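Have a look at data06.cif below; it lists mmCIF, C-alpha atoms.
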```cif
data_model
#
loop_
_atom_site.label_atom_id
_atom_site.label_comp_id
_atom_site.auth_asym_id
_atom_site.auth_seq_id
_atom_site.Cartn_x
_atom_site.Cartn_y
_atom_site.Cartn_z
CA MET A 18 -88.51 -113.02 -61.91
CA VAL A 19 -92.23 -112.58 -61.27
CA GLU A 20 -93.82 -109.69 -63.17
CA ILE A 21 -97.42 -108.61 -62.53
CA ALA A 22 -99.77 -105.78 -63.48
CA LEU A 23 -100.69 -103.55 -60.54
CA ASP A 24 -103.09 -100.68 -59.93
CA ILE A 25 -101.39 -98.06 -57.76
CA THR A 26 -103.78 -96.75 -55.12
CA GLY A 27 -101.73 -94.67 -52.71
CA ILE A 28 -98.40 -93.29 -51.54
CA ALA A 29 -96.28 -94.63 -48.68
CA HIS A 30 -93.46 -93.19 -46.64
CA GLY A 31 -90.09 -93.79 -48.24
CA GLY A 32 -90.81 -92.73 -51.81
CA VAL A 33 -92.77 -95.81 -52.88
CA SER A 34 -96.39 -96.24 -53.89
CA VAL A 35 -98.94 -98.79 -52.69
CA ALA A 36 -100.84 -101.49 -54.54
CA ARG A 37 -102.51 -104.77 -53.62
CA HIS A 38 -102.12 -108.19 -55.15
CA GLU A 39 -103.98 -111.28 -53.98
CA GLY A 40 -104.78 -109.55 -50.69
CA LYS A 41 -101.20 -108.55 -49.99
CA VAL A 42 -99.83 -104.98 -49.82
CA VAL A 43 -97.19 -104.33 -52.45
CA PHE A 44 -94.83 -101.35 -52.17
CA VAL A 45 -93.88 -100.26 -55.68
CA ALA A 46 -90.99 -98.00 -56.67
CA ASP A 47 -90.89 -95.65 -59.68
CA THR A 48 -94.62 -95.08 -60.02
CA LEU A 49 -97.33 -92.90 -58.45
CA PRO A 50 -100.98 -93.19 -57.40
CA GLY A 51 -103.54 -93.54 -60.17
CA GLU A 52 -101.31 -95.54 -62.49
CA ARG A 53 -101.48 -99.08 -63.77
CA VAL A 54 -98.01 -100.53 -64.20
CA LEU A 55 -96.17 -103.71 -64.98
CA ALA A 56 -94.00 -104.39 -61.94
CA ARG A 57 -91.27 -106.84 -61.04
CA ILE A 58 -91.40 -108.41 -57.57
CA ILE A 59 -88.03 -107.97 -55.85
CA GLU A 60 -88.99 -109.10 -52.33
CA ASP A 61 -91.88 -111.28 -51.21
CA LYS A 62 -92.69 -111.57 -47.50
CA ARG A 63 -95.61 -113.17 -45.74
CA SER A 64 -97.45 -109.89 -45.11
CA TYR A 65 -96.15 -107.65 -47.91
CA ALA A 66 -94.08 -107.51 -51.07
CA ARG A 67 -91.78 -105.00 -52.71
CA ALA A 68 -91.69 -104.36 -56.43
CA VAL A 69 -90.29 -101.97 -58.99
CA ALA A 70 -92.19 -100.68 -62.01
CA ILE A 71 -90.72 -101.74 -65.35
CA ASP A 72 -93.41 -100.36 -67.65
CA VAL A 73 -96.35 -97.96 -67.41
CA ILE A 74 -99.57 -99.39 -68.80
CA ALA A 75 -101.74 -96.38 -67.90
CA PRO A 76 -99.82 -93.29 -66.75
CA SER A 77 -100.96 -90.67 -64.27
CA PRO A 78 -101.45 -87.17 -65.69
CA ASP A 79 -98.86 -86.12 -63.09
CA ARG A 80 -96.13 -88.31 -64.62
CA VAL A 81 -93.45 -86.41 -66.53
CA PRO A 82 -90.20 -87.48 -68.22
CA HIS A 83 -87.71 -88.24 -65.48
CA VAL A 84 -85.39 -85.33 -64.70
CA TRP A 85 -82.48 -87.77 -64.61
CA PRO A 86 -82.43 -90.03 -67.69
CA GLU A 87 -80.15 -92.49 -65.88
CA ALA A 88 -82.89 -93.04 -63.29
CA ALA A 89 -85.79 -93.33 -65.74
CA ILE A 90 -88.20 -96.24 -65.99
CA GLU A 91 -86.93 -96.99 -69.50
CA ARG A 92 -83.72 -98.35 -67.97
CA ASP A 93 -83.42 -101.77 -66.37
CA PRO A 94 -84.08 -101.39 -62.60
CA ALA A 95 -80.56 -102.62 -61.84
CA GLU A 96 -79.17 -99.72 -63.91
CA ARG A 97 -81.33 -96.91 -62.52
CA ALA A 98 -79.42 -94.35 -60.49
CA GLY A 99 -80.74 -93.82 -56.99
CA GLY A 100 -81.42 -90.55 -55.21
CA ALA A 101 -84.20 -89.00 -57.29
CA GLU A 102 -87.11 -91.32 -56.60
CA PHE A 103 -89.74 -88.63 -57.32
CA GLY A 104 -88.03 -87.37 -60.48
CA HIS A 105 -90.82 -88.73 -62.69
CA ILE A 106 -93.53 -86.71 -60.91
CA ARG A 107 -94.66 -83.15 -61.60
CA LEU A 108 -93.10 -80.90 -58.94
CA GLU A 109 -96.37 -79.55 -57.57
CA HIS A 110 -97.75 -83.06 -57.26
CA GLN A 111 -94.59 -84.22 -55.48
CA ARG A 112 -95.42 -81.73 -52.73
CA GLU A 113 -99.00 -82.98 -52.59
CA LEU A 114 -97.79 -86.56 -52.10
CA LYS A 115 -95.41 -85.44 -49.37
CA ARG A 116 -98.28 -83.61 -47.70
CA GLU A 117 -100.40 -86.78 -47.76
CA VAL A 118 -97.62 -88.82 -46.14
CA PHE A 119 -97.09 -86.17 -43.46
CA VAL A 120 -100.77 -85.80 -42.60
CA ASP A 121 -101.23 -89.57 -42.50
CA ALA A 122 -98.21 -89.99 -40.20
CA LEU A 123 -99.58 -87.42 -37.74
CA ARG A 124 -102.96 -89.15 -37.77
CA ARG A 125 -101.59 -92.67 -37.28
CA PHE A 126 -98.70 -92.12 -34.89
CA ALA A 127 -99.74 -89.01 -32.94
CA HIS A 128 -103.55 -89.18 -33.32
CA VAL A 129 -103.45 -85.58 -34.50
CA GLU A 130 -105.71 -84.29 -37.28
CA ARG A 131 -103.68 -81.48 -38.78
CA ASP A 132 -103.28 -80.37 -42.37
CA VAL A 133 -100.15 -78.70 -43.70
CA VAL A 134 -98.92 -77.11 -46.90
CA VAL A 135 -95.53 -78.26 -48.17
CA GLU A 136 -93.93 -74.97 -49.15
CA ALA A 137 -91.70 -74.70 -52.21
CA VAL A 138 -88.34 -72.97 -51.95
CA PRO A 139 -88.51 -69.67 -53.85
CA GLY A 140 -86.91 -70.11 -57.24
CA ASP A 141 -86.96 -73.92 -57.30
CA ASP A 142 -89.97 -74.24 -59.59
CA GLU A 143 -88.43 -71.83 -62.09
CA VAL A 144 -85.46 -74.18 -62.57
CA GLY A 145 -87.48 -77.39 -62.43
CA GLY A 146 -86.35 -78.28 -58.90
CA LEU A 147 -82.78 -78.87 -60.11
CA ARG A 148 -79.24 -77.81 -59.09
CA TRP A 149 -80.04 -77.33 -55.39
CA ARG A 150 -77.64 -79.82 -53.77
CA THR A 151 -74.37 -78.37 -52.52
CA ARG A 152 -73.11 -81.64 -50.98
CA VAL A 153 -73.04 -85.01 -52.72
CA SER A 154 -71.69 -88.41 -51.69
CA LEU A 155 -70.46 -90.56 -54.55
CA HIS A 156 -69.13 -94.08 -54.60
CA VAL A 157 -66.29 -95.41 -56.73
CA ASP A 158 -66.34 -98.58 -58.81
CA GLU A 159 -63.40 -100.95 -59.33
CA GLY A 160 -62.19 -98.93 -62.29
CA GLY A 161 -62.10 -95.68 -60.32
CA THR A 162 -65.26 -94.21 -61.86
CA PRO A 163 -67.39 -92.18 -59.40
CA GLY A 164 -71.16 -92.33 -59.39
CA PRO A 165 -74.26 -92.95 -57.29
CA TYR A 166 -75.42 -96.35 -56.23
CA ALA A 167 -78.17 -97.93 -58.25
CA ALA A 168 -81.49 -97.59 -56.46
CA ARG A 169 -81.91 -100.19 -53.71
CA SER A 170 -78.39 -101.56 -54.19
CA HIS A 171 -74.71 -101.03 -53.42
CA ARG A 172 -73.56 -101.09 -57.03
CA VAL A 173 -72.11 -97.98 -58.62
CA VAL A 174 -73.92 -96.68 -61.71
CA PRO A 175 -71.84 -94.53 -64.08
CA VAL A 176 -73.69 -91.31 -64.93
CA THR A 177 -72.95 -88.29 -67.09
CA ASP A 178 -74.69 -85.70 -64.90
CA LEU A 179 -76.02 -85.09 -61.39
CA PRO A 180 -79.04 -82.88 -62.17
CA LEU A 181 -80.02 -82.23 -58.55
CA ALA A 182 -76.52 -81.02 -57.69
CA ASP A 183 -74.77 -77.71 -58.19
CA ALA A 184 -73.52 -77.70 -61.77
CA ALA A 185 -69.88 -77.55 -60.68
CA ILE A 186 -70.22 -80.85 -58.80
CA SER A 187 -70.86 -82.86 -61.96
CA SER A 188 -67.36 -82.03 -63.20
CA VAL A 189 -65.91 -84.72 -60.91
CA LEU A 190 -67.71 -87.41 -62.93
CA GLN A 191 -64.96 -87.06 -65.53
CA GLU A 192 -62.20 -87.80 -63.01
CA ARG A 193 -60.94 -91.17 -61.83
CA PHE A 194 -60.30 -92.19 -58.24
CA ALA A 195 -58.56 -95.55 -58.51
CA GLY A 196 -58.32 -97.45 -55.24
CA GLU A 197 -60.89 -95.31 -53.44
CA GLU A 198 -64.36 -96.34 -52.27
CA ARG A 199 -66.13 -93.02 -51.92
CA ILE A 200 -65.77 -89.27 -52.33
CA GLU A 201 -67.64 -86.29 -50.94
CA VAL A 202 -68.07 -83.26 -53.20
CA ILE A 203 -68.96 -79.91 -51.64
CA ALA A 204 -69.81 -76.70 -53.46
CA THR A 205 -68.80 -73.99 -50.99
CA PRO A 206 -69.02 -70.21 -51.37
CA SER A 207 -65.27 -70.24 -52.11
CA GLY A 208 -65.31 -73.07 -54.64
CA LEU A 209 -65.48 -76.84 -55.04
CA ARG A 210 -64.08 -79.07 -52.30
CA LEU A 211 -63.37 -82.82 -52.58
CA VAL A 212 -62.99 -85.18 -49.66
CA ILE A 213 -61.50 -88.44 -50.88
CA GLY A 214 -61.87 -91.65 -48.89
CA ASP A 215 -60.85 -91.28 -45.25
CA GLN A 216 -59.21 -87.91 -45.77
CA GLN A 217 -58.98 -85.85 -42.60
CA PRO A 218 -61.57 -83.08 -42.34
CA SER A 219 -60.76 -79.47 -43.03
CA VAL A 220 -62.79 -76.38 -42.25
CA VAL A 221 -64.94 -74.52 -44.73
CA THR A 222 -66.87 -71.30 -44.22
CA GLU A 223 -70.59 -71.34 -44.95
CA ARG A 224 -72.86 -68.31 -44.89
CA ALA A 225 -76.44 -68.06 -43.62
CA ALA A 226 -78.68 -65.45 -42.02
CA GLY A 227 -76.07 -62.76 -42.47
CA ARG A 228 -73.45 -64.72 -40.52
CA GLU A 229 -70.48 -66.95 -41.26
CA PHE A 230 -70.32 -70.48 -39.88
CA GLN A 231 -67.23 -72.65 -39.59
CA VAL A 232 -68.04 -76.29 -40.41
CA ASP A 233 -66.00 -79.35 -41.35
CA ASP A 234 -66.13 -80.34 -45.00
CA THR A 235 -67.06 -83.81 -43.69
CA GLY A 236 -69.51 -82.42 -41.14
CA PHE A 237 -73.23 -81.73 -41.30
CA TRP A 238 -74.58 -78.72 -43.16
CA GLN A 239 -77.93 -78.50 -44.92
CA VAL A 240 -77.55 -79.63 -48.53
CA HIS A 241 -80.09 -77.37 -50.27
CA ARG A 242 -78.34 -74.09 -50.92
CA ALA A 243 -81.29 -72.12 -49.50
CA ALA A 244 -82.02 -74.42 -46.54
CA PRO A 245 -79.84 -72.75 -43.87
CA ASP A 246 -81.48 -69.37 -44.43
CA ILE A 247 -84.97 -70.88 -44.66
CA LEU A 248 -84.62 -72.99 -41.51
CA HIS A 249 -83.00 -70.16 -39.56
CA ALA A 250 -85.89 -67.82 -40.38
CA ALA A 251 -88.55 -70.51 -39.92
CA THR A 252 -87.16 -71.52 -36.51
CA ARG A 253 -87.15 -67.91 -35.36
CA ASP A 254 -90.73 -67.53 -36.59
CA ALA A 255 -91.79 -70.80 -34.95
CA ILE A 256 -90.83 -69.56 -31.49
CA ASP A 257 -93.96 -68.24 -29.78
CA PRO A 258 -92.95 -64.76 -28.55
CA GLU A 259 -95.44 -64.92 -25.68
CA ALA A 260 -93.74 -68.07 -24.37
CA PHE A 261 -90.18 -66.86 -25.02
CA ASP A 262 -87.87 -65.54 -22.30
CA PRO A 263 -84.39 -64.50 -23.52
CA ASN A 264 -83.13 -64.73 -19.94
CA ALA A 265 -84.27 -68.33 -19.41
CA GLU A 266 -81.94 -71.33 -19.87
CA ASN A 267 -82.81 -71.76 -23.54
CA LEU A 268 -81.49 -74.85 -25.31
CA ASP A 269 -80.52 -75.85 -28.82
CA LEU A 270 -80.37 -79.66 -28.86
CA TYR A 271 -78.55 -81.62 -31.56
CA GLY A 272 -77.17 -78.17 -32.27
CA GLY A 273 -74.52 -78.91 -34.90
CA VAL A 274 -72.39 -75.85 -35.54
CA GLY A 275 -74.90 -73.45 -33.96
CA LEU A 276 -77.14 -72.35 -36.84
CA LEU A 277 -80.42 -72.63 -34.92
CA ALA A 278 -78.90 -71.27 -31.71
CA THR A 279 -78.35 -68.04 -33.62
CA ALA A 280 -82.03 -68.08 -34.62
CA ILE A 281 -82.94 -68.10 -30.91
CA ALA A 282 -80.48 -65.29 -30.26
CA ASP A 283 -81.75 -63.25 -33.21
CA LEU A 284 -85.20 -63.27 -31.65
CA GLY A 285 -84.07 -62.28 -28.16
CA GLY A 286 -81.06 -60.14 -28.95
CA PRO A 287 -77.29 -60.60 -28.42
CA SER A 288 -77.65 -61.13 -24.66
CA THR A 289 -80.04 -64.08 -25.07
CA ARG A 290 -79.04 -67.09 -22.99
CA VAL A 291 -78.73 -70.23 -25.09
CA THR A 292 -76.78 -73.47 -24.73
CA THR A 293 -76.24 -75.75 -27.71
CA ILE A 294 -75.74 -79.48 -27.10
CA GLU A 295 -73.99 -81.54 -29.79
CA SER A 296 -72.48 -85.04 -29.73
CA ASP A 297 -69.91 -84.44 -32.48
CA ALA A 298 -66.82 -82.94 -30.85
CA ARG A 299 -65.63 -80.98 -33.87
CA ALA A 300 -69.10 -79.59 -34.61
CA SER A 301 -69.40 -78.51 -30.98
CA GLN A 302 -66.01 -76.84 -31.20
CA HIS A 303 -67.11 -74.97 -34.30
CA ALA A 304 -70.34 -73.97 -32.55
CA GLY A 305 -68.26 -72.34 -29.81
CA THR A 306 -66.44 -70.32 -32.46
CA ASN A 307 -69.59 -69.47 -34.40
CA LEU A 308 -71.38 -68.24 -31.26
CA ALA A 309 -68.41 -66.33 -29.85
CA ASP A 310 -70.04 -62.95 -30.46
CA LEU A 311 -72.99 -63.91 -28.23
CA PRO A 312 -71.83 -63.41 -24.62
CA GLU A 313 -74.54 -65.62 -23.07
CA ALA A 314 -74.20 -68.48 -25.55
CA GLU A 315 -72.42 -71.72 -24.68
CA ALA A 316 -71.54 -74.82 -26.71
CA VAL A 317 -71.52 -78.15 -24.85
CA HIS A 318 -70.15 -81.38 -26.30
CA ALA A 319 -72.46 -84.19 -25.15
CA ARG A 320 -74.92 -86.76 -26.41
CA VAL A 321 -78.38 -85.28 -25.99
CA ASP A 322 -79.94 -88.39 -24.42
CA ARG A 323 -77.15 -88.71 -21.85
CA TRP A 324 -77.13 -84.99 -21.16
CA ILE A 325 -80.87 -85.00 -20.49
CA ALA A 326 -80.53 -88.06 -18.23
CA ASP A 327 -77.80 -86.29 -16.23
CA VAL A 328 -79.96 -83.17 -15.93
CA ALA A 329 -82.88 -85.26 -14.69
CA ARG A 330 -80.72 -87.01 -12.09
CA ARG A 331 -79.56 -83.66 -10.78
CA GLY A 332 -83.14 -82.40 -10.65
CA GLU A 333 -82.37 -79.38 -12.82
CA ARG A 334 -85.26 -77.43 -14.27
CA PHE A 335 -85.60 -75.24 -17.35
CA ASP A 336 -88.76 -73.39 -16.37
CA GLY A 337 -89.76 -70.78 -18.92
CA ALA A 338 -87.13 -71.90 -21.43
CA THR A 339 -87.48 -72.41 -25.15
CA ILE A 340 -85.99 -75.69 -26.36
CA VAL A 341 -85.18 -76.07 -30.04
CA LEU A 342 -84.27 -79.57 -31.20
CA ASP A 343 -83.10 -80.73 -34.61
CA PRO A 344 -82.50 -84.48 -34.22
CA PRO A 345 -81.19 -86.87 -36.89
CA ARG A 346 -83.54 -88.56 -39.34
CA THR A 347 -84.50 -91.21 -36.78
CA GLY A 348 -85.93 -88.51 -34.52
CA ALA A 349 -85.33 -87.78 -30.86
CA GLY A 350 -87.10 -90.99 -29.84
CA ARG A 351 -90.02 -91.38 -27.47
CA ASP A 352 -87.84 -91.59 -24.35
CA VAL A 353 -86.00 -88.34 -25.09
CA ALA A 354 -89.18 -86.60 -26.22
CA ALA A 355 -90.95 -87.64 -23.02
CA ALA A 356 -87.98 -86.57 -20.88
CA LEU A 357 -87.98 -83.13 -22.50
CA THR A 358 -91.55 -82.55 -21.35
CA GLN A 359 -90.42 -82.94 -17.73
CA LEU A 360 -87.87 -80.11 -17.82
CA GLY A 361 -90.41 -77.30 -17.42
CA ALA A 362 -89.78 -75.54 -20.73
CA SER A 363 -92.50 -73.19 -21.89
CA GLN A 364 -92.20 -74.41 -25.49
CA LEU A 365 -90.47 -76.95 -27.71
CA VAL A 366 -89.61 -76.16 -31.33
CA TYR A 367 -88.93 -79.39 -33.19
CA VAL A 368 -87.12 -79.30 -36.56
CA ALA A 369 -87.56 -82.63 -38.36
CA CYS A 370 -86.37 -84.19 -41.61
CA ASP A 371 -88.61 -87.24 -41.32
CA PRO A 372 -92.40 -86.93 -40.94
CA VAL A 373 -92.89 -90.34 -39.31
CA ALA A 374 -90.16 -89.69 -36.71
CA LEU A 375 -91.74 -86.33 -35.91
CA ALA A 376 -95.19 -87.88 -35.66
CA ARG A 377 -94.00 -90.56 -33.23
CA ASP A 378 -92.28 -87.98 -31.03
CA THR A 379 -95.30 -85.67 -31.27
CA GLY A 380 -97.39 -88.29 -29.50
CA ALA A 381 -94.95 -88.39 -26.58
CA ILE A 382 -94.73 -84.59 -26.39
CA ILE A 383 -98.49 -84.15 -26.37
CA ALA A 384 -98.83 -86.87 -23.71
CA GLY A 385 -96.32 -84.90 -21.64
CA GLY A 386 -98.56 -81.85 -21.43
CA TYR A 387 -97.85 -79.83 -24.56
CA GLU A 388 -100.08 -78.65 -27.41
CA LEU A 389 -99.10 -78.58 -31.06
CA THR A 390 -99.72 -74.95 -31.99
CA ARG A 391 -97.78 -74.37 -35.22
CA LEU A 392 -96.66 -76.59 -38.07
CA ARG A 393 -94.86 -75.85 -41.32
CA ALA A 394 -93.28 -78.05 -43.96
CA PHE A 395 -90.72 -77.22 -46.63
CA ASP A 396 -89.77 -78.96 -49.86
CA LEU A 397 -86.02 -78.75 -49.33
CA PHE A 398 -85.38 -81.95 -51.30
CA PRO A 399 -87.13 -81.69 -54.71
CA HIS A 400 -87.40 -84.91 -56.73
CA THR A 401 -86.96 -87.02 -53.60
CA HIS A 402 -89.54 -88.13 -51.02
CA HIS A 403 -87.89 -86.13 -48.22
CA LEU A 404 -89.23 -82.96 -46.64
CA GLU A 405 -88.33 -80.74 -43.69
CA SER A 406 -90.82 -79.58 -41.07
CA ILE A 407 -90.95 -77.40 -37.98
CA ALA A 408 -93.45 -77.93 -35.17
CA THR A 409 -94.10 -75.72 -32.15
CA PHE A 410 -95.37 -77.24 -28.90
CA VAL A 411 -96.49 -74.92 -26.07
CA ARG A 412 -97.04 -76.13 -22.52
CA ARG A 413 -100.74 -76.36 -21.72
#
```
Would you write out, as structure tokens, the structure that this file holds?
Amino acid sequence: MVEIALDITGIAHGGVSVARHEGKVVFVADTLPGERVLARIIEDKRSYARAVAIDVIAPSPDRVPHVWPEAAIERDPAERAGGAEFGHIRLEHQRELKREVFVDALRRFAHVERDVVVEAVPGDDEVGGLRWRTRVSLHVDEGGTPGPYAARSHRVVPVTDLPLADAAISSVLQERFAGEERIEVIATPSGLRLVIGDQQPSVVTERAAGREFQVDDTGFWQVHRAAPDILHAATRDAIDPEAFDPNAENLDLYGGVGLLATAIADLGGPSTRVTTIESDARASQHAGTNLADLPEAEAVHARVDRWIADVARRGERFDGATIVLDPPRTGAGRDVAAALTQLGASQLVYVACDPVALARDTGAIIAGGYELTRLRAFDLFPHTHHLESIATFVRR
């Protein structure tokens, strides 16, 4: 394998840093800007290459011992556990790197010059950004041992701890699951729950914003223990009160089990009109249950893109409405984002877990006649490159 010395000059989306070698961009894992490293080339294309650091020649002052020894640079890259790609970086500097990626994405994809602070979750710094995950997916090797995949591979790495996860979750590492391929481990308010293989879903009760939410153990729920409360409050705060009408046809798109629909209702009161649209049938069913105490709330099972297309064909309008959307990591997409701007809503509140996806959709929303008026970002995934953000767009 080819090994070369590289000077790391910047950070890229996806948790990798940037260097150059013989005029070619090289994306390098397990390092950070300002370092000189010895790196192994793992992919070499015509216009770029990918590499992984195997030794640090000159470390950054922001490098710290990795929070997960089984993911540390001292291990062979093939043996490094994946899922904590920023674990070798000082927590405060992790947030600075995430900020740089976010600001750069807005500039490049939306042509928006906007700075943002990536906010820490209260209490995370005091515990080193550890033990926040309440849901973990593990894979099972041929001997039945559960563990994460090695970074950038589909090979199970045996580990003795999962430092980002709730402490109770690591207890499953001592068990064996012969004949299985994967397990899901969930730390719920009532105890630990395991979903083994293709086991049928069962319902768990989660708590957020003073409410209880029914959700499948295999369904979507924010993984950071504080995230549901934080995103509920931040969504409520992101809604511009001057553009909000509780009696309009307010929407919660990609609504899951109804968490953000309750944020809309909390702002406008129990009689607020809000419809949540969700493509997963069981999540939509749970949303109906979770919103049952709100007489003007409705849960609709439908794919958002198809639902919007049907609305457009019927010529329906949502004048004066507030539309909250929380799409998957890939974003709403330019077509959906553009279609939303034609519905007549007074404001769009976009909750995003990928800064590049948000930036791309921001361009379409601005082109459709809206102005970006508020923007916040939250470090809900310490020791990884991920962040969560909330943007408010008000019709010009």
Step by step, work through what the PyMOL selection byres ((chain A and resi 193) around 10) selects in the shown file, and finish by giving those residues as a compact mmCIF listing (two decimals) with C-alpha atoms, in the frame of the given file.
```
# COMPACT_ATOMS: atom_id res chain seq x y z
CA VAL A 157 -66.29 -95.41 -56.73
CA ASP A 158 -66.34 -98.58 -58.81
CA GLY A 160 -62.19 -98.93 -62.29
CA GLY A 161 -62.10 -95.68 -60.32
CA THR A 162 -65.26 -94.21 -61.86
CA PRO A 163 -67.39 -92.18 -59.40
CA VAL A 189 -65.91 -84.72 -60.91
CA LEU A 190 -67.71 -87.41 -62.93
CA GLN A 191 -64.96 -87.06 -65.53
CA GLU A 192 -62.20 -87.80 -63.01
CA PHE A 194 -60.30 -92.19 -58.24
CA ALA A 195 -58.56 -95.55 -58.51
CA GLY A 196 -58.32 -97.45 -55.24
CA GLU A 197 -60.89 -95.31 -53.44
```
Give as a PyMOL selection string the residues that the PyMOL selection byres ((chain A and resi 387) around 8) matches when applied to the coordinates above.
-> chain A and resi 358+364+382-386+388-389+410-413
Evaluate the PyMOL selection byres ((chain A and resi 188) around 12) and record the selected residues as a PyMOL selection string, following the chain and residue labels used in the document.
-> chain A and resi 163-164+176-180+182-187+189-193+202-204+209-211
Straight-line distance linking CA of Ala22 in chain A with CA of Arg97 in chain A, stated in Å to one decimal = 20.5 Å
Need the axis-aligned box for range 72-83 of chain A with 5 Å each side, so what are the centre and edges in Å to one decimal, as lines of an AutoDock Vina configuration file?
```
center_x = -94.7
center_y = -93.2
center_z = -65.9
size_x = 24.0
size_y = 24.2
size_z = 15.7
```
In the coordinates of the file, take the point (-71.8, -100.1, -57.5) and a cut-off of 9 Å; then, counting all atoms listed in the file, name each qualifying protein, DNA or RNA residue as a list in words.
->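 Selection result: His156, Val157, Asp158, Glu159, Gly164, Pro165, Tyr166, Ala167, Ser170, His171, Arg172, Val173, Val174 and Pro175 of chain A.
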Of A:Glu223, A:Asp310, A:Asp246, A:Glu20, the one sitting nearest Glu60 in chain A when using only C-alpha atoms is A:Glu20
Compile the contact shell of Val274 in chain A as a PyMOL selection string: residues with an atom at most 6 Å away, counting only C-alpha atoms, same-chain residues fewer than 4 positions apart removed.
-> chain A and resi 300+303-304
If you count all atoms listed in the file, which residues fall within 7 Å of Arg67 in chain A, apart from same-chain ones fewer than 3 positions away, as a list in words?
->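 Surrounding residues, per the criterion: Val43, Phe44, Val45, Ile58, Ile59, Glu60 and Asp61 of chain A.
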Grab the CA of Ile213 in chain A to CA of His241 in chain A distance for me, in Å with one decimal place.
-> 21.6 Å
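The residue that comes closest to Trp149 in chain A, out of A:Ala255, A:Leu181, A:Leu360, A:Val221 and on the basis of only C-alpha atoms, is A:Leu181.
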Radius query 6 Å about (-91.5, -78.8, -58.0), atoms used: only C-alpha atoms, as a list of chain:residue names =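 Collected hits near the coordinates: A:Leu108, A:Glu109, A:Asp142, A:Gly146.
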Contacts of Gln231 in chain A at 12 Å (all atoms listed in the file; same-chain gap of 6+ positions) as a ChimeraX atom specification | /A:205,219-225,237-238,273-276,299-309
How many Å lie between CA of Ala376 in chain A and CA of Ala280 in chain A, rounded to one decimal?
->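 Separating CA of Ala376 in chain A from CA of Ala280 in chain A is a distance of 23.8 Å.
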Contacts of Gly40 in chain A within 12 Å, all atoms listed in the file, excl. fewer than 5 positions in-chain, as a list in words = Arg63, Ser64, Tyr65 and Ala66 of chain A
Any chance you could build range 268-280 of chain A out to N, CA and C atoms and write it as a PDB file, in the frame of the given file?
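File part26.pdb, as written:
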```pdb
ATOM      1  N   LEU A 268     -82.315 -73.750 -24.831  1.00  0.00           N
ATOM      2  CA  LEU A 268     -81.490 -74.850 -25.310  1.00  0.00           C
ATOM      3  C   LEU A 268     -81.643 -75.044 -26.810  1.00  0.00           C
ATOM      4  N   ASP A 269     -80.547 -75.433 -27.427  1.00  0.00           N
ATOM      5  CA  ASP A 269     -80.520 -75.850 -28.820  1.00  0.00           C
ATOM      6  C   ASP A 269     -79.938 -77.264 -28.837  1.00  0.00           C
ATOM      7  N   LEU A 270     -80.800 -78.272 -28.956  1.00  0.00           N
ATOM      8  CA  LEU A 270     -80.370 -79.660 -28.860  1.00  0.00           C
ATOM      9  C   LEU A 270     -80.077 -80.238 -30.241  1.00  0.00           C
ATOM     10  N   TYR A 271     -79.077 -81.111 -30.297  1.00  0.00           N
ATOM     11  CA  TYR A 271     -78.550 -81.620 -31.560  1.00  0.00           C
ATOM     12  C   TYR A 271     -78.114 -80.405 -32.399  1.00  0.00           C
ATOM     13  N   GLY A 272     -77.368 -79.529 -31.762  1.00  0.00           N
ATOM     14  CA  GLY A 272     -77.170 -78.170 -32.270  1.00  0.00           C
ATOM     15  C   GLY A 272     -76.198 -78.007 -33.404  1.00  0.00           C
ATOM     16  N   GLY A 273     -75.442 -79.063 -33.788  1.00  0.00           N
ATOM     17  CA  GLY A 273     -74.520 -78.910 -34.900  1.00  0.00           C
ATOM     18  C   GLY A 273     -73.532 -77.787 -34.654  1.00  0.00           C
ATOM     19  N   VAL A 274     -73.357 -76.938 -35.649  1.00  0.00           N
ATOM     20  CA  VAL A 274     -72.390 -75.850 -35.540  1.00  0.00           C
ATOM     21  C   VAL A 274     -73.032 -74.543 -35.081  1.00  0.00           C
ATOM     22  N   GLY A 275     -74.294 -74.612 -34.608  1.00  0.00           N
ATOM     23  CA  GLY A 275     -74.900 -73.450 -33.960  1.00  0.00           C
ATOM     24  C   GLY A 275     -75.850 -72.637 -34.793  1.00  0.00           C
ATOM     25  N   LEU A 276     -76.251 -73.132 -35.980  1.00  0.00           N
ATOM     26  CA  LEU A 276     -77.140 -72.350 -36.840  1.00  0.00           C
ATOM     27  C   LEU A 276     -78.433 -71.963 -36.139  1.00  0.00           C
ATOM     28  N   LEU A 277     -79.123 -72.926 -35.520  1.00  0.00           N
ATOM     29  CA  LEU A 277     -80.420 -72.630 -34.920  1.00  0.00           C
ATOM     30  C   LEU A 277     -80.285 -71.914 -33.582  1.00  0.00           C
ATOM     31  N   ALA A 278     -79.141 -72.064 -32.924  1.00  0.00           N
ATOM     32  CA  ALA A 278     -78.900 -71.270 -31.710  1.00  0.00           C
ATOM     33  C   ALA A 278     -78.882 -69.787 -32.053  1.00  0.00           C
ATOM     34  N   THR A 279     -78.345 -69.456 -33.234  1.00  0.00           N
ATOM     35  CA  THR A 279     -78.350 -68.040 -33.620  1.00  0.00           C
ATOM     36  C   THR A 279     -79.748 -67.561 -33.956  1.00  0.00           C
ATOM     37  N   ALA A 280     -80.630 -68.473 -34.386  1.00  0.00           N
ATOM     38  CA  ALA A 280     -82.030 -68.080 -34.620  1.00  0.00           C
ATOM     39  C   ALA A 280     -82.686 -67.695 -33.306  1.00  0.00           C
TER      40      ALA A 280
END
```
